[in-house]
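Quick look at data31.txt (compact mmCIF, C-alpha atoms):
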# COMPACT_ATOMS: atom_id res chain seq x y z
CA MET A 7 3.08 28.51 -11.40
CA ILE A 8 2.20 26.56 -8.28
CA SER A 9 4.30 27.85 -5.41
CA VAL A 10 5.74 25.88 -2.50
CA SER A 11 7.85 28.73 -1.16
CA ASN A 12 5.41 31.45 -0.04
CA ARG A 13 4.58 31.45 3.64
CA TYR A 14 1.12 30.40 4.71
CA SER A 15 0.03 33.65 6.29
CA SER A 16 -3.26 32.84 7.97
CA ASN A 17 -2.52 32.25 11.67
CA SER A 18 -5.81 33.21 13.27
CA PRO A 19 -7.25 30.81 15.88
CA GLN A 20 -9.95 29.85 13.40
CA ALA A 21 -7.41 29.04 10.69
CA ILE A 22 -5.26 27.03 13.11
CA SER A 23 -8.29 25.06 14.27
CA LEU A 24 -9.28 24.39 10.66
CA MET A 25 -5.80 23.12 9.80
CA ARG A 26 -5.93 20.76 12.79
CA GLU A 27 -9.22 19.42 11.47
CA PHE A 28 -7.72 18.99 7.99
CA LEU A 29 -4.74 17.12 9.46
CA SER A 30 -6.90 14.83 11.58
CA VAL A 31 -9.10 13.82 8.65
CA CYS A 32 -6.06 13.50 6.39
CA GLU A 33 -4.41 11.08 8.83
CA GLN A 34 -7.60 9.04 9.06
CA ALA A 35 -7.75 8.84 5.26
CA ALA A 36 -4.06 7.94 4.88
CA ARG A 37 -4.24 5.18 7.47
CA ALA A 38 -7.36 3.75 5.83
CA GLY A 39 -5.62 3.73 2.46
CA GLY A 40 -2.49 2.21 3.95
CA GLN A 41 -4.44 -0.59 5.63
CA ILE A 42 -6.08 -1.46 2.32
CA LEU A 43 -2.65 -1.70 0.70
CA LEU A 44 -1.48 -4.06 3.44
CA ASP A 45 -4.60 -6.19 3.11
CA TRP A 46 -4.23 -6.45 -0.67
CA GLN A 47 -0.50 -7.16 -0.60
CA HIS A 48 -1.06 -10.65 0.77
CA ARG A 49 -3.41 -11.56 -2.08
CA PHE A 50 -0.72 -11.90 -4.75
CA THR A 51 2.91 -12.85 -5.36
CA PRO A 52 5.44 -10.74 -7.30
CA ARG A 53 5.41 -12.96 -10.40
CA GLU A 54 1.77 -13.91 -10.45
CA LYS A 55 -0.13 -13.86 -13.74
CA GLY A 56 -2.34 -10.78 -13.91
CA LEU A 57 -0.22 -9.00 -11.31
CA ARG A 58 -0.67 -5.56 -12.88
CA ASP A 59 -4.44 -5.82 -12.66
CA LEU A 60 -4.28 -6.91 -9.02
CA VAL A 61 -1.99 -4.02 -8.05
CA THR A 62 -4.24 -1.58 -9.92
CA GLU A 63 -7.20 -2.89 -7.92
CA ALA A 64 -5.29 -2.29 -4.68
CA ASP A 65 -4.30 1.19 -5.85
CA LEU A 66 -7.87 2.04 -6.79
CA ALA A 67 -9.29 0.65 -3.56
CA SER A 68 -6.84 2.71 -1.52
CA GLN A 69 -7.63 5.90 -3.44
CA GLN A 70 -11.38 5.31 -3.21
CA ALA A 71 -11.17 4.95 0.58
CA ILE A 72 -9.07 8.10 0.86
CA ARG A 73 -11.38 10.01 -1.44
CA ASP A 74 -14.50 8.91 0.44
CA ILE A 75 -13.10 10.07 3.78
CA LEU A 76 -11.75 13.41 2.55
CA LEU A 77 -14.75 14.39 0.48
CA GLY A 78 -17.11 12.91 3.04
CA CYS A 79 -15.80 15.47 5.54
CA PHE A 80 -15.14 18.27 3.05
CA PRO A 81 -17.65 17.77 0.21
CA ASP A 82 -17.01 21.18 -1.34
CA HIS A 83 -13.28 20.56 -1.79
CA ASP A 84 -11.67 19.44 -5.05
CA PHE A 85 -9.73 16.22 -5.45
CA LEU A 86 -6.86 15.15 -7.69
CA GLY A 87 -5.61 11.58 -7.45
CA GLU A 88 -3.08 9.56 -9.42
CA GLU A 89 -5.85 7.14 -10.40
CA ASP A 90 -8.43 9.81 -11.26
CA ALA A 91 -8.84 8.53 -14.82
CA SER A 92 -10.54 5.49 -13.32
CA PHE A 93 -13.19 7.56 -11.54
CA PRO A 94 -16.23 9.14 -13.19
CA PRO A 95 -16.17 12.95 -13.17
CA THR A 96 -18.23 14.54 -10.39
CA THR A 97 -18.99 18.06 -9.24
CA LYS A 98 -16.66 17.38 -6.31
CA THR A 99 -13.64 17.62 -8.63
CA SER A 100 -14.91 20.57 -10.64
CA GLY A 101 -12.11 22.98 -9.78
CA GLN A 102 -14.47 25.42 -8.06
CA SER A 103 -13.05 25.23 -4.52
CA GLU A 104 -10.03 27.11 -3.21
CA TYR A 105 -9.01 23.83 -1.56
CA LEU A 106 -7.56 20.91 -3.53
CA TRP A 107 -6.58 17.52 -2.12
CA ILE A 108 -3.77 15.84 -4.10
CA VAL A 109 -3.38 12.11 -3.48
CA ASP A 110 -1.06 9.28 -4.43
CA PRO A 111 -2.61 6.19 -2.84
CA LEU A 112 0.49 4.05 -3.52
CA ASP A 113 3.89 5.62 -4.04
CA GLY A 114 6.56 2.97 -4.55
CA THR A 115 4.58 0.45 -6.59
CA ALA A 116 7.54 -1.77 -7.54
CA ASN A 117 8.55 -2.09 -3.89
CA TYR A 118 4.96 -2.89 -2.96
CA VAL A 119 4.70 -5.57 -5.63
CA HIS A 120 7.90 -7.27 -4.45
CA HIS A 121 6.95 -7.00 -0.77
CA MET A 122 9.73 -4.50 -0.13
CA PRO A 123 9.02 -2.13 2.77
CA ALA A 124 9.54 1.25 1.06
CA PHE A 125 6.10 2.33 -0.15
CA ALA A 126 3.72 4.97 1.14
CA VAL A 127 0.47 6.87 0.93
CA THR A 128 0.93 10.59 0.38
CA ILE A 129 -1.63 13.39 0.54
CA SER A 130 -1.27 17.15 0.25
CA LEU A 131 -3.72 20.01 0.53
CA GLN A 132 -3.44 23.17 -1.50
CA LYS A 133 -5.22 26.41 -0.76
CA ALA A 134 -5.47 28.74 -3.75
CA GLY A 135 -2.60 26.89 -5.42
CA GLU A 136 -0.27 26.89 -2.40
CA THR A 137 0.61 23.70 -0.54
CA VAL A 138 -0.41 24.22 3.10
CA LEU A 139 -0.51 20.65 4.41
CA GLY A 140 1.31 17.46 3.47
CA ILE A 141 1.48 13.94 4.86
CA VAL A 142 3.42 10.79 4.02
CA PHE A 143 2.34 7.56 5.70
CA ASP A 144 4.49 4.42 5.68
CA PRO A 145 2.13 1.59 6.66
CA ILE A 146 4.92 -0.97 7.14
CA ALA A 147 6.95 1.13 9.58
CA ASP A 148 3.83 2.86 10.94
CA GLU A 149 5.56 6.20 10.40
CA PHE A 150 3.32 9.21 9.86
CA TYR A 151 5.10 12.32 8.59
CA HIS A 152 3.27 15.62 8.34
CA ALA A 153 3.99 19.27 7.68
CA ILE A 154 1.80 22.36 8.00
CA LYS A 155 2.88 25.55 6.30
CA GLY A 156 4.67 27.74 8.80
CA GLU A 157 4.56 25.15 11.61
CA GLY A 158 7.35 22.70 10.77
CA THR A 159 7.60 19.00 9.97
CA PHE A 160 6.78 16.12 12.30
CA LEU A 161 7.29 12.36 12.48
CA ASN A 162 4.73 10.57 14.64
CA GLY A 163 4.08 13.86 16.40
CA SER A 164 7.71 14.79 17.13
CA SER A 165 9.37 17.71 15.36
CA VAL A 166 12.12 16.82 12.87
CA GLN A 167 14.76 18.79 10.99
CA THR A 168 17.01 18.13 8.04
CA SER A 169 20.55 16.98 8.78
CA GLY A 170 22.00 20.37 7.86
CA CYS A 171 24.71 18.58 5.86
CA GLN A 172 26.70 21.06 3.74
CA SER A 173 29.22 18.92 1.87
CA PRO A 174 28.55 16.40 -0.93
CA GLU A 175 31.46 14.31 0.36
CA GLN A 176 29.48 13.74 3.58
CA ALA A 177 26.08 13.43 1.94
CA MET A 178 23.88 10.40 1.40
CA VAL A 179 21.75 11.34 -1.60
CA ALA A 180 18.86 9.71 -3.44
CA VAL A 181 17.59 9.76 -7.01
CA SER A 182 14.46 8.64 -8.85
CA PHE A 183 14.68 7.30 -12.40
CA ALA A 184 12.00 6.95 -15.02
CA PRO A 185 11.05 3.37 -15.95
CA ASN A 186 13.35 1.85 -18.57
CA VAL A 187 15.82 4.74 -18.44
CA PRO A 188 17.92 4.52 -21.62
CA ARG A 189 21.70 4.16 -21.81
CA GLY A 190 23.47 7.46 -22.26
CA SER A 191 20.52 9.47 -20.92
CA MET A 192 20.87 12.63 -18.88
CA GLU A 193 19.42 10.76 -15.90
CA ILE A 194 22.26 8.23 -15.99
CA ALA A 195 24.84 10.97 -16.52
CA ARG A 196 23.62 12.85 -13.44
CA PHE A 197 23.70 9.64 -11.42
CA ILE A 198 27.33 9.02 -12.39
CA GLU A 199 28.36 12.57 -11.49
CA ALA A 200 26.73 12.21 -8.07
CA LEU A 201 28.23 8.75 -7.58
CA HIS A 202 31.72 10.21 -8.01
CA SER A 203 31.08 13.28 -5.84
CA CYS A 204 28.90 12.19 -2.91
CA GLN A 205 29.43 9.83 0.00
CA SER A 206 26.76 7.47 -1.31
CA VAL A 207 23.80 7.39 -3.71
CA ARG A 208 20.56 5.50 -3.19
CA ARG A 209 17.57 4.65 -5.37
CA LEU A 210 14.91 3.72 -2.81
CA GLY A 211 11.87 3.55 -5.06
CA SER A 212 9.49 6.01 -3.38
CA ALA A 213 9.68 9.74 -4.07
CA ALA A 214 7.40 10.53 -1.15
CA LEU A 215 9.55 8.60 1.32
CA ASN A 216 12.77 10.06 -0.12
CA LEU A 217 11.48 13.55 0.69
CA ALA A 218 10.18 12.51 4.11
CA TYR A 219 13.54 10.94 4.91
CA LEU A 220 15.32 14.10 3.76
CA ALA A 221 13.11 16.21 6.02
CA ALA A 222 13.86 13.87 8.94
CA GLY A 223 17.64 13.91 8.42
CA ARG A 224 17.98 10.38 7.06
CA LEU A 225 18.96 11.58 3.58
CA ASP A 226 20.84 14.76 2.71
CA SER A 227 19.80 15.46 -0.89
CA TYR A 228 17.40 14.09 -3.48
CA TRP A 229 16.63 14.86 -7.10
CA ALA A 230 14.03 13.63 -9.57
CA THR A 231 12.93 14.51 -13.09
CA SER A 232 10.26 11.89 -13.76
CA VAL A 233 7.74 12.40 -10.95
CA LYS A 234 4.30 13.97 -10.79
CA ILE A 235 2.72 16.51 -8.47
CA TRP A 236 0.92 13.83 -6.43
CA ASP A 237 4.25 12.07 -5.76
CA VAL A 238 6.05 15.05 -4.27
CA ALA A 239 3.79 17.97 -3.28
CA ALA A 240 3.57 16.83 0.34
CA GLY A 241 7.24 15.90 0.67
CA LEU A 242 8.56 19.11 -0.81
CA LEU A 243 6.62 21.07 1.80
CA MET A 244 8.12 18.83 4.48
CA VAL A 245 11.66 19.53 3.32
CA GLU A 246 11.16 23.28 3.38
CA GLU A 247 9.40 23.22 6.74
CA ALA A 248 12.25 21.10 8.16
CA GLY A 249 14.85 23.68 7.13
CA GLY A 250 15.83 22.32 3.74
CA THR A 251 16.05 23.92 0.32
CA VAL A 252 14.09 23.13 -2.84
CA SER A 253 14.53 24.35 -6.41
CA ARG A 254 14.20 23.26 -9.97
CA ILE A 255 17.05 21.02 -11.05
CA ASP A 256 18.63 23.98 -12.85
CA GLY A 257 18.41 26.15 -9.73
CA GLU A 258 15.40 28.19 -10.79
CA LYS A 259 12.14 28.45 -8.85
CA LEU A 260 10.23 25.19 -8.74
CA ASN A 261 6.96 24.73 -10.61
CA LEU A 262 4.98 21.84 -9.13
CA ALA A 263 3.11 21.36 -12.39
CA ASN A 264 6.43 20.10 -13.80
CA PRO A 265 8.39 18.97 -10.75
CA GLU A 266 11.93 18.41 -12.04
CA PHE A 267 13.66 19.30 -8.81
CA LEU A 268 16.57 19.09 -6.43
CA ALA A 269 16.05 19.19 -2.67
CA SER A 270 18.81 19.37 -0.07
CA ALA A 271 19.32 19.59 3.67
CA SER A 272 20.99 23.02 3.46
CA ARG A 273 21.56 25.87 1.05
CA PRO A 274 25.34 25.21 0.78
CA LEU A 275 24.70 21.56 -0.10
CA GLN A 276 22.02 22.56 -2.59
CA ASN A 277 24.48 24.88 -4.34
CA GLU A 278 27.13 22.16 -4.52
CA MET A 279 24.66 19.57 -5.79
CA LEU A 280 23.46 21.95 -8.49
CA LYS A 281 27.05 22.27 -9.67
CA ILE A 282 27.54 18.50 -9.66
CA LEU A 283 24.36 17.74 -11.60
CA SER A 284 25.07 20.52 -14.10
CA LYS A 285 28.24 18.69 -15.16
CA ALA A 286 26.20 15.84 -16.60
CA ARG A 287 26.09 15.48 -20.37
CA GLY A 288 23.80 12.85 -21.82
CA THR A 289 24.70 11.25 -25.13
CA ASN A 290 21.18 10.36 -26.29
CA PRO A 291 19.31 12.95 -28.36
Written form, structure tokens:
Amino acid sequence: MISVSNRYSSNSPQAISLMREFLSVCEQAARAGGQILLDWQHRFTPREKGLRDLVTEADLASQQAIRDILLGCFPDHDFLGEEDASFPPTTKTSGQSEYLWIVDPLDGTANYVHHMPAFAVTISLQKAGETVLGIVFDPIADEFYHAIKGEGTFLNGSSVQTSGCQSPEQAMVAVSFAPNVPRGSMEIARFIEALHSCQSVRRLGSAALNLAYLAAGRLDSYWATSVKIWDVAAGLLMVEEAGGTVSRIDGEKLNLANPEFLASASRPLQNEMLKILSKARGTNP
């Protein structure tokens, strides 16, 4: 199990200096990837023939730039990206290092394709299987979120906290659906339960930004069952470091290898949201 809840214990001056170096390089990589996405976005229209290939090229170009910067500075580290299947295997991703960079070069693809503003680059760093650094960069808003284990969560250098909301009736919550979610599915049933119990429900299209917004107090709760580790590893760290609560969607301890989760601004809200989502009963087998 990959943990996001254990405290990062190394607080020596050397370790702190190293984390600052990691963060600096990570920001450089994220901004380079984000700029590539912006440059590519103006090369196509949402309904253009061959759109999927063009977006894949943008995705790959962003990841390649991020990879080159990270592994250029830390050549002994391992690397896991959403688009890794498109890269030839190298000794740099051999699984031999205690450090692993996890990258989604474009989270919120549908928004990106339609020139909607909610998409992001997200990068996390794990040490011995524990997430110790996470960033989410929104190139449209020029918002750079980061969290370091044990040091809190920051937006453009300023500390942020969750809203502390405790009641579903006062909560703005978000959800991510799988593509082509079927009628009568558990995902739809959970959405309906939340719709009837919470102040409002949003589907914003970027898991990374949902978690960053939750950490910054813009959202109060968020759940997802169809995301991958590269979508959420950074954001889940941000939520915890900002004072929020994270668990599996059934309330058990989260496993990032299978991130079906609920995250909330406070423990009381998390408990209430778990109750609400547990009422859902899908009709599809």
Selection near Ser203 of chain A, 12 Å with only C-alpha atoms, sequence-local residues under 5 positions removed, as a list of chain:residue names | A:Ser173, A:Pro174, A:Glu175, A:Gln176, A:Ala177, A:Met178, A:Val179, A:Arg196, A:Phe197, A:Ile198, A:Leu275, A:Glu278, A:Met279, A:Leu280, A:Lys281, A:Ile282, A:Leu283, A:Lys285
Got a sec: who's within 12 Å of Glu33 of chain A, counting only C-alpha atoms, leaving out chain neighbours fewer than 5 positions off, as a ChimeraX atom specification?
-> /A:26-28,38-40,72,75-76,127-130,139-145,148-153,162-163
Restricting the calculation to all atoms listed in the file, which member of A:Ala36, A:Ala124, A:Ala214, A:Val138 is positioned closest to Glu247 of chain A?
->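 Checking each candidate against Glu247 of chain A, we get A:Val138 as the closest.
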How many Å lie between atom CA of Val233 of chain A and atom CA of Thr159 of chain A, rounded to one decimal?
-> 21.9 Å
When distances are computed from all atoms listed in the file, which of A:Phe125, A:Lys259, A:Leu131, A:Asn216 shows the smallest separation from Ile108 of chain A?
->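 Closest to Ile108 of chain A of all the choices is A:Leu131.
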Scan for residues within 8 Å of the point (20.1, 25.8, 7.0) in the coordinates of the file, using all atoms listed in the file, and reply as an MDAnalysis selection string.
-> chainID A and resid 170 249:250 271:273
Choose the residue, out of A:Pro19, A:Gly223, A:Pro265, A:Gly211, that has the smallest atom-to-atom separation from Val181 of chain A; count only C-alpha atoms.
->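 Nearest candidate to Val181 of chain A out of A:Pro19, A:Gly223, A:Pro265, A:Gly211: A:Gly211.
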Nearest to Glu104 of chain A, chosen from A:Pro185, A:Pro123, A:Gly135, A:Gly257, with all atoms listed in the file counted in the distances =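 With all atoms listed in the file as the atom set, the closest residue is A:Gly135.
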For Val187 of chain A, please output as a PyMOL selection string all residues within 12 Å (counting all atoms listed in the file; exclusion window: fewer than 5 positions along the same chain).
-> chain A and resi 182+192-195+197+231-232+288+290
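Between atom CA of Gln20 of chain A and atom CA of Ser164 of chain A the separation is 23.5 Å.
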Any chance you could export segment 81-219 of chain A with C-alpha atoms, as a PDB file, in the first residue's frame?
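Final output, selection_36.pdb:
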ATOM      1  CA  PRO A  81      19.259  11.399 -13.374  1.00  0.00           C
ATOM      2  CA  ASP A  82      19.183   8.633 -10.781  1.00  0.00           C
ATOM      3  CA  HIS A  83      15.500   9.152  -9.960  1.00  0.00           C
ATOM      4  CA  ASP A  84      12.664   7.075 -11.391  1.00  0.00           C
ATOM      5  CA  PHE A  85       9.843   8.500 -13.474  1.00  0.00           C
ATOM      6  CA  LEU A  86       6.214   7.507 -14.008  1.00  0.00           C
ATOM      7  CA  GLY A  87       4.121   9.530 -16.435  1.00  0.00           C
ATOM      8  CA  GLU A  88       0.620   9.134 -17.812  1.00  0.00           C
ATOM      9  CA  GLU A  89       2.072   8.874 -21.316  1.00  0.00           C
ATOM     10  CA  ASP A  90       4.897   6.486 -20.402  1.00  0.00           C
ATOM     11  CA  ALA A  91       3.730   3.864 -22.899  1.00  0.00           C
ATOM     12  CA  SER A  92       4.857   6.237 -25.627  1.00  0.00           C
ATOM     13  CA  PHE A  93       8.423   6.422 -24.325  1.00  0.00           C
ATOM     14  CA  PRO A  94      11.072   3.737 -24.795  1.00  0.00           C
ATOM     15  CA  PRO A  95      12.153   2.065 -21.544  1.00  0.00           C
ATOM     16  CA  THR A  96      15.371   3.439 -20.055  1.00  0.00           C
ATOM     17  CA  THR A  97      17.462   2.744 -16.987  1.00  0.00           C
ATOM     18  CA  LYS A  98      16.128   6.021 -15.597  1.00  0.00           C
ATOM     19  CA  THR A  99      12.725   4.403 -14.982  1.00  0.00           C
ATOM     20  CA  SER A 100      14.076   1.099 -13.709  1.00  0.00           C
ATOM     21  CA  GLY A 101      12.548   1.263 -10.245  1.00  0.00           C
ATOM     22  CA  GLN A 102      15.951   1.279  -8.527  1.00  0.00           C
ATOM     23  CA  SER A 103      15.777   4.709  -6.871  1.00  0.00           C
ATOM     24  CA  GLU A 104      14.036   5.544  -3.605  1.00  0.00           C
ATOM     25  CA  TYR A 105      12.702   8.638  -5.392  1.00  0.00           C
ATOM     26  CA  LEU A 106       9.895   8.460  -7.963  1.00  0.00           C
ATOM     27  CA  TRP A 107       8.481  11.385  -9.938  1.00  0.00           C
ATOM     28  CA  ILE A 108       4.820  10.883 -10.917  1.00  0.00           C
ATOM     29  CA  VAL A 109       3.569  13.160 -13.694  1.00  0.00           C
ATOM     30  CA  ASP A 110       0.346  13.988 -15.483  1.00  0.00           C
ATOM     31  CA  PRO A 111       1.351  16.498 -18.167  1.00  0.00           C
ATOM     32  CA  LEU A 112      -2.280  17.391 -18.961  1.00  0.00           C
ATOM     33  CA  ASP A 113      -5.048  16.828 -16.445  1.00  0.00           C
ATOM     34  CA  GLY A 114      -8.391  18.019 -17.785  1.00  0.00           C
ATOM     35  CA  THR A 115      -8.021  17.013 -21.426  1.00  0.00           C
ATOM     36  CA  ALA A 116     -11.640  17.686 -22.440  1.00  0.00           C
ATOM     37  CA  ASN A 117     -11.446  21.208 -21.026  1.00  0.00           C
ATOM     38  CA  TYR A 118      -8.155  21.757 -22.822  1.00  0.00           C
ATOM     39  CA  VAL A 119      -9.574  20.570 -26.133  1.00  0.00           C
ATOM     40  CA  HIS A 120     -12.570  22.917 -25.865  1.00  0.00           C
ATOM     41  CA  HIS A 121     -10.437  25.859 -24.726  1.00  0.00           C
ATOM     42  CA  MET A 122     -11.993  25.791 -21.271  1.00  0.00           C
ATOM     43  CA  PRO A 123      -9.704  27.156 -18.541  1.00  0.00           C
ATOM     44  CA  ALA A 124      -9.741  24.231 -16.069  1.00  0.00           C
ATOM     45  CA  PHE A 125      -6.729  22.090 -16.969  1.00  0.00           C
ATOM     46  CA  ALA A 126      -3.397  21.633 -15.240  1.00  0.00           C
ATOM     47  CA  VAL A 127       0.014  20.038 -15.030  1.00  0.00           C
ATOM     48  CA  THR A 128       0.508  17.971 -11.890  1.00  0.00           C
ATOM     49  CA  ILE A 129       3.686  16.420 -10.503  1.00  0.00           C
ATOM     50  CA  SER A 130       4.370  14.548  -7.280  1.00  0.00           C
ATOM     51  CA  LEU A 131       7.509  13.089  -5.756  1.00  0.00           C
ATOM     52  CA  GLN A 132       7.518   9.942  -3.678  1.00  0.00           C
ATOM     53  CA  LYS A 133      10.310   8.838  -1.399  1.00  0.00           C
ATOM     54  CA  ALA A 134      10.244   5.133  -0.574  1.00  0.00           C
ATOM     55  CA  GLY A 135       6.577   4.988  -1.573  1.00  0.00           C
ATOM     56  CA  GLU A 136       5.469   8.043   0.429  1.00  0.00           C
ATOM     57  CA  THR A 137       4.357  11.256  -1.258  1.00  0.00           C
ATOM     58  CA  VAL A 138       6.611  14.034   0.044  1.00  0.00           C
ATOM     59  CA  LEU A 139       6.073  16.767  -2.558  1.00  0.00           C
ATOM     60  CA  GLY A 140       3.196  17.683  -4.842  1.00  0.00           C
ATOM     61  CA  ILE A 141       2.472  20.504  -7.263  1.00  0.00           C
ATOM     62  CA  VAL A 142      -0.475  21.504  -9.437  1.00  0.00           C
ATOM     63  CA  PHE A 143       0.095  24.242 -12.010  1.00  0.00           C
ATOM     64  CA  ASP A 144      -2.767  26.000 -13.803  1.00  0.00           C
ATOM     65  CA  PRO A 145      -1.152  27.712 -16.806  1.00  0.00           C
ATOM     66  CA  ILE A 146      -4.257  29.757 -17.679  1.00  0.00           C
ATOM     67  CA  ALA A 147      -4.668  31.320 -14.229  1.00  0.00           C
ATOM     68  CA  ASP A 148      -0.915  31.198 -13.549  1.00  0.00           C
ATOM     69  CA  GLU A 149      -1.666  29.527 -10.214  1.00  0.00           C
ATOM     70  CA  PHE A 150       1.058  27.326  -8.761  1.00  0.00           C
ATOM     71  CA  TYR A 151      -0.040  25.127  -5.862  1.00  0.00           C
ATOM     72  CA  HIS A 152       2.491  23.116  -3.904  1.00  0.00           C
ATOM     73  CA  ALA A 153       2.699  21.031  -0.761  1.00  0.00           C
ATOM     74  CA  ILE A 154       5.676  19.556   1.081  1.00  0.00           C
ATOM     75  CA  LYS A 155       5.090  16.821   3.615  1.00  0.00           C
ATOM     76  CA  GLY A 156       4.937  18.352   7.072  1.00  0.00           C
ATOM     77  CA  GLU A 157       5.195  21.958   5.821  1.00  0.00           C
ATOM     78  CA  GLY A 158       1.690  22.795   4.581  1.00  0.00           C
ATOM     79  CA  THR A 159       0.124  23.789   1.274  1.00  0.00           C
ATOM     80  CA  PHE A 160       0.770  26.980  -0.676  1.00  0.00           C
ATOM     81  CA  LEU A 161      -0.729  28.907  -3.584  1.00  0.00           C
ATOM     82  CA  ASN A 162       1.749  31.159  -5.376  1.00  0.00           C
ATOM     83  CA  GLY A 163       3.877  31.116  -2.237  1.00  0.00           C
ATOM     84  CA  SER A 164       1.124  31.971   0.266  1.00  0.00           C
ATOM     85  CA  SER A 165      -0.094  29.403   2.783  1.00  0.00           C
ATOM     86  CA  VAL A 166      -3.632  28.089   2.266  1.00  0.00           C
ATOM     87  CA  GLN A 167      -6.043  26.018   4.346  1.00  0.00           C
ATOM     88  CA  THR A 168      -9.219  24.112   3.656  1.00  0.00           C
ATOM     89  CA  SER A 169     -12.499  25.885   4.379  1.00  0.00           C
ATOM     90  CA  GLY A 170     -13.106  23.812   7.504  1.00  0.00           C
ATOM     91  CA  CYS A 171     -16.720  23.323   6.384  1.00  0.00           C
ATOM     92  CA  GLN A 172     -18.468  20.705   8.540  1.00  0.00           C
ATOM     93  CA  SER A 173     -21.969  20.452   7.090  1.00  0.00           C
ATOM     94  CA  PRO A 174     -23.022  19.007   3.709  1.00  0.00           C
ATOM     95  CA  GLU A 175     -25.830  21.577   3.567  1.00  0.00           C
ATOM     96  CA  GLN A 176     -23.166  24.308   3.417  1.00  0.00           C
ATOM     97  CA  ALA A 177     -20.738  22.424   1.212  1.00  0.00           C
ATOM     98  CA  MET A 178     -19.825  22.922  -2.427  1.00  0.00           C
ATOM     99  CA  VAL A 179     -18.622  19.500  -3.550  1.00  0.00           C
ATOM    100  CA  ALA A 180     -17.102  18.114  -6.739  1.00  0.00           C
ATOM    101  CA  VAL A 181     -17.108  14.742  -8.457  1.00  0.00           C
ATOM    102  CA  SER A 182     -15.226  13.082 -11.314  1.00  0.00           C
ATOM    103  CA  PHE A 183     -16.977  10.602 -13.597  1.00  0.00           C
ATOM    104  CA  ALA A 184     -15.523   7.990 -15.895  1.00  0.00           C
ATOM    105  CA  PRO A 185     -16.024   8.614 -19.631  1.00  0.00           C
ATOM    106  CA  ASN A 186     -19.396   7.390 -20.902  1.00  0.00           C
ATOM    107  CA  VAL A 187     -20.719   6.641 -17.420  1.00  0.00           C
ATOM    108  CA  PRO A 188     -23.717   4.312 -17.876  1.00  0.00           C
ATOM    109  CA  ARG A 189     -27.274   4.963 -16.723  1.00  0.00           C
ATOM    110  CA  GLY A 190     -28.048   3.398 -13.377  1.00  0.00           C
ATOM    111  CA  SER A 191     -24.371   3.161 -12.394  1.00  0.00           C
ATOM    112  CA  MET A 192     -23.091   3.605  -8.864  1.00  0.00           C
ATOM    113  CA  GLU A 193     -21.358   6.802  -9.989  1.00  0.00           C
ATOM    114  CA  ILE A 194     -24.682   8.344 -11.012  1.00  0.00           C
ATOM    115  CA  ALA A 195     -26.379   7.107  -7.845  1.00  0.00           C
ATOM    116  CA  ARG A 196     -23.723   8.758  -5.670  1.00  0.00           C
ATOM    117  CA  PHE A 197     -24.079  11.976  -7.642  1.00  0.00           C
ATOM    118  CA  ILE A 198     -27.832  12.028  -7.044  1.00  0.00           C
ATOM    119  CA  GLU A 199     -27.422  11.413  -3.309  1.00  0.00           C
ATOM    120  CA  ALA A 200     -24.943  14.295  -3.067  1.00  0.00           C
ATOM    121  CA  LEU A 201     -27.155  16.524  -5.215  1.00  0.00           C
ATOM    122  CA  HIS A 202     -30.003  16.110  -2.725  1.00  0.00           C
ATOM    123  CA  SER A 203     -27.817  16.525   0.371  1.00  0.00           C
ATOM    124  CA  CYS A 204     -25.222  19.207  -0.408  1.00  0.00           C
ATOM    125  CA  GLN A 205     -25.440  22.912  -1.160  1.00  0.00           C
ATOM    126  CA  SER A 206     -24.158  22.349  -4.698  1.00  0.00           C
ATOM    127  CA  VAL A 207     -22.310  19.773  -6.800  1.00  0.00           C
ATOM    128  CA  ARG A 208     -19.781  20.503  -9.521  1.00  0.00           C
ATOM    129  CA  ARG A 209     -18.053  18.459 -12.211  1.00  0.00           C
ATOM    130  CA  LEU A 210     -15.107  20.657 -13.171  1.00  0.00           C
ATOM    131  CA  GLY A 211     -13.156  18.230 -15.335  1.00  0.00           C
ATOM    132  CA  SER A 212      -9.750  18.193 -13.621  1.00  0.00           C
ATOM    133  CA  ALA A 213      -9.053  15.959 -10.637  1.00  0.00           C
ATOM    134  CA  ALA A 214      -5.821  17.775  -9.869  1.00  0.00           C
ATOM    135  CA  LEU A 215      -7.509  21.177  -9.757  1.00  0.00           C
ATOM    136  CA  ASN A 216     -10.436  19.820  -7.730  1.00  0.00           C
ATOM    137  CA  LEU A 217      -7.996  18.753  -5.018  1.00  0.00           C
ATOM    138  CA  ALA A 218      -6.020  21.986  -5.225  1.00  0.00           C
ATOM    139  CA  TYR A 219      -9.240  23.973  -4.917  1.00  0.00           C
TER     140      TYR A 219
END
